[in-house]
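A short worksheet on the structure shown next.
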Amino acid sequence: WSYLLLADCLNYCEIPPAVNQLEIHPTYNNEQVAQWCLTEGIVVMGYSTLGAGKPDMSLPAVEEAAKRLNVTPAQILMKWSLQKGYVPLTKSVNKERIVQNLQLDFELSKEEMEALNNVDGGVPMKVCDHSKQFGLPLYW
């Protein structure tokens, strides 16, 4: 949900939303909405965490961190989400990848986090854009 929809909801709801599911990956980090949700006590659940169809897995910042930590680019992207306080959603039918997705017992450095935070650059890299479907300001 957008700021507008959530703020409206919080004005009249008896039970506030516990979770807002947002598209979140380095090339579309949705930072403003995500941070607003966290300040309101709303958990941010990220979908398209790996930037499906986008260059996230091959970003230099991702590849360098993966090499330094001896982990996969997917693990770097999931850890980036976790370190920002988000709950990343991923999917796999591959047993090896499912196991890897749970092995996130490492930390990205401050510099690596900054490098990943800075790749967004305002470039429209959204995987799912539903704004035209509903005629509502879904992403403000």
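Labels used: A, B, ... for chains in the order of the structure tokens, numbers from 1 for residues in each chain, and numbers from 1 for ligands as shown.
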Non-local contacts of segment 38-48 of chain A (10 Å; only C-alpha atoms; under 6 positions in same chain excluded) as a PDB file with C-alpha atoms, in the first residue's frame:
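Written output follows (selection_3.pdb):
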ATOM      1  CA  LEU A   6      -2.013   3.457   4.779  1.00  0.00           C
ATOM      2  CA  ALA A   7      -2.444   6.869   6.405  1.00  0.00           C
ATOM      3  CA  LEU A  10      -4.710   4.252  10.134  1.00  0.00           C
ATOM      4  CA  PRO A  16      -3.997  -1.341  12.233  1.00  0.00           C
ATOM      5  CA  PRO A  17      -2.242  -3.253   9.478  1.00  0.00           C
ATOM      6  CA  ALA A  18       0.596  -5.400  10.770  1.00  0.00           C
ATOM      7  CA  VAL A  19       2.409  -5.856   7.430  1.00  0.00           C
ATOM      8  CA  ASN A  20       2.779  -3.959   4.183  1.00  0.00           C
ATOM      9  CA  GLN A  21       4.114  -5.993   1.275  1.00  0.00           C
ATOM     10  CA  LEU A  22       6.210  -3.851  -1.055  1.00  0.00           C
ATOM     11  CA  GLU A  23       8.429  -4.504  -4.011  1.00  0.00           C
ATOM     12  CA  ILE A  24      11.909  -4.032  -2.572  1.00  0.00           C
ATOM     13  CA  HIS A  25      15.273  -4.703  -4.173  1.00  0.00           C
ATOM     14  CA  TYR A  28      13.795  -0.305  -6.683  1.00  0.00           C
ATOM     15  CA  ASN A  29      14.315   0.170  -2.980  1.00  0.00           C
ATOM     16  CA  ASN A  30      11.007   1.858  -2.114  1.00  0.00           C
ATOM     17  CA  LYS A  54      16.296  -6.723 -13.283  1.00  0.00           C
ATOM     18  CA  MET A  78      18.240 -11.152   1.076  1.00  0.00           C
ATOM     19  CA  SER A  81      16.704  -6.597   3.075  1.00  0.00           C
ATOM     20  CA  LEU A  82      17.119  -8.139   6.520  1.00  0.00           C
ATOM     21  CA  LYS A  84      17.311  -2.809   6.596  1.00  0.00           C
ATOM     22  CA  GLY A  85      14.670  -4.355   8.863  1.00  0.00           C
ATOM     23  CA  TYR A  86      12.547  -5.904   6.108  1.00  0.00           C
ATOM     24  CA  VAL A  87      11.253  -9.446   5.737  1.00  0.00           C
ATOM     25  CA  PRO A  88      12.406 -10.705   2.313  1.00  0.00           C
ATOM     26  CA  LEU A  89      10.254 -13.106   0.308  1.00  0.00           C
ATOM     27  CA  THR A  90      11.932 -15.474  -2.093  1.00  0.00           C
ATOM     28  CA  LYS A  91      10.839 -18.544  -3.965  1.00  0.00           C
ATOM     29  CA  LYS A 126       9.877  -1.708 -10.837  1.00  0.00           C
ATOM     30  CA  VAL A 127       9.096  -5.361 -11.598  1.00  0.00           C
ATOM     31  CA  CYS A 128       5.338  -5.156 -10.874  1.00  0.00           C
TER      32      CYS A 128
END
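Selecting strand (DSSP E or B) from the backbone DSSP output for segment 18-99 of chain A yields Val19, Asn20, Gln21, Leu22, Glu23, His25, Tyr28, Val43, Val44, Met45, Gly46, Tyr47, Val87 and Pro88 of chain A.
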Check: Using only C-alpha atoms, which residues sit within 7 Å of segment 106-120 of chain A once same-chain residues fewer than 4 positions away are excluded, as a list in words?
Finding: Pro26, Thr27, Tyr28, Asn29, Ala61, Ala65 and Trp80 of chain A
Notebook entry, point to check: If you run DSSP on the backbone, which residues of chain A are alpha helix (DSSP H), as an MDAnalysis selection string?
Noted result: chainID A and resid 3:12 31:39 60:69 73:83 95:102 110:117 131:134
Notebook entry, point to check: From the list A:Asn70, A:Gln83, A:Gln75, A:Asn94, which residue is nearest Asp56 of chain A when using only C-alpha atoms?
Noted result: A:Gln75
Checklist line | Counting only C-alpha atoms, the option among A:Ser2, A:Ala74, A:Val93, A:Leu102 closest to Trp36 of chain A | finding: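 Looking only at the distances to Trp36 of chain A, the closest residue turns out to be A:Ser2.
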Next item on the list: Fewer than 5 positions away in the same chain doesn't count, so skip those; otherwise give me all residues within 7 Å of Val62 of chain A, counting only C-alpha atoms, as a list in words.
Entry: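 Residues near the query, excluding close chain neighbours: Met57, Pro73 and Ile76 of chain A.
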Write a file of the just-selected residues containing C-alpha atoms, as a PDB file, in the first residue's frame.
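The resulting file, again.pdb, is reproduced below:
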ATOM      1  CA  MET A  57      21.940 -10.083  -9.058  1.00  0.00           C
ATOM      2  CA  PRO A  73      24.323 -12.873  -4.960  1.00  0.00           C
ATOM      3  CA  ILE A  76      23.507 -10.759  -0.493  1.00  0.00           C
TER       4      ILE A  76
END
Check: Any idea what the distance is between atom CA of Gln35 of chain A and atom CA of Tyr3 of chain A?
Finding: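 Answer for the atom CA of Gln35 of chain A to atom CA of Tyr3 of chain A separation: 10.6 Å.
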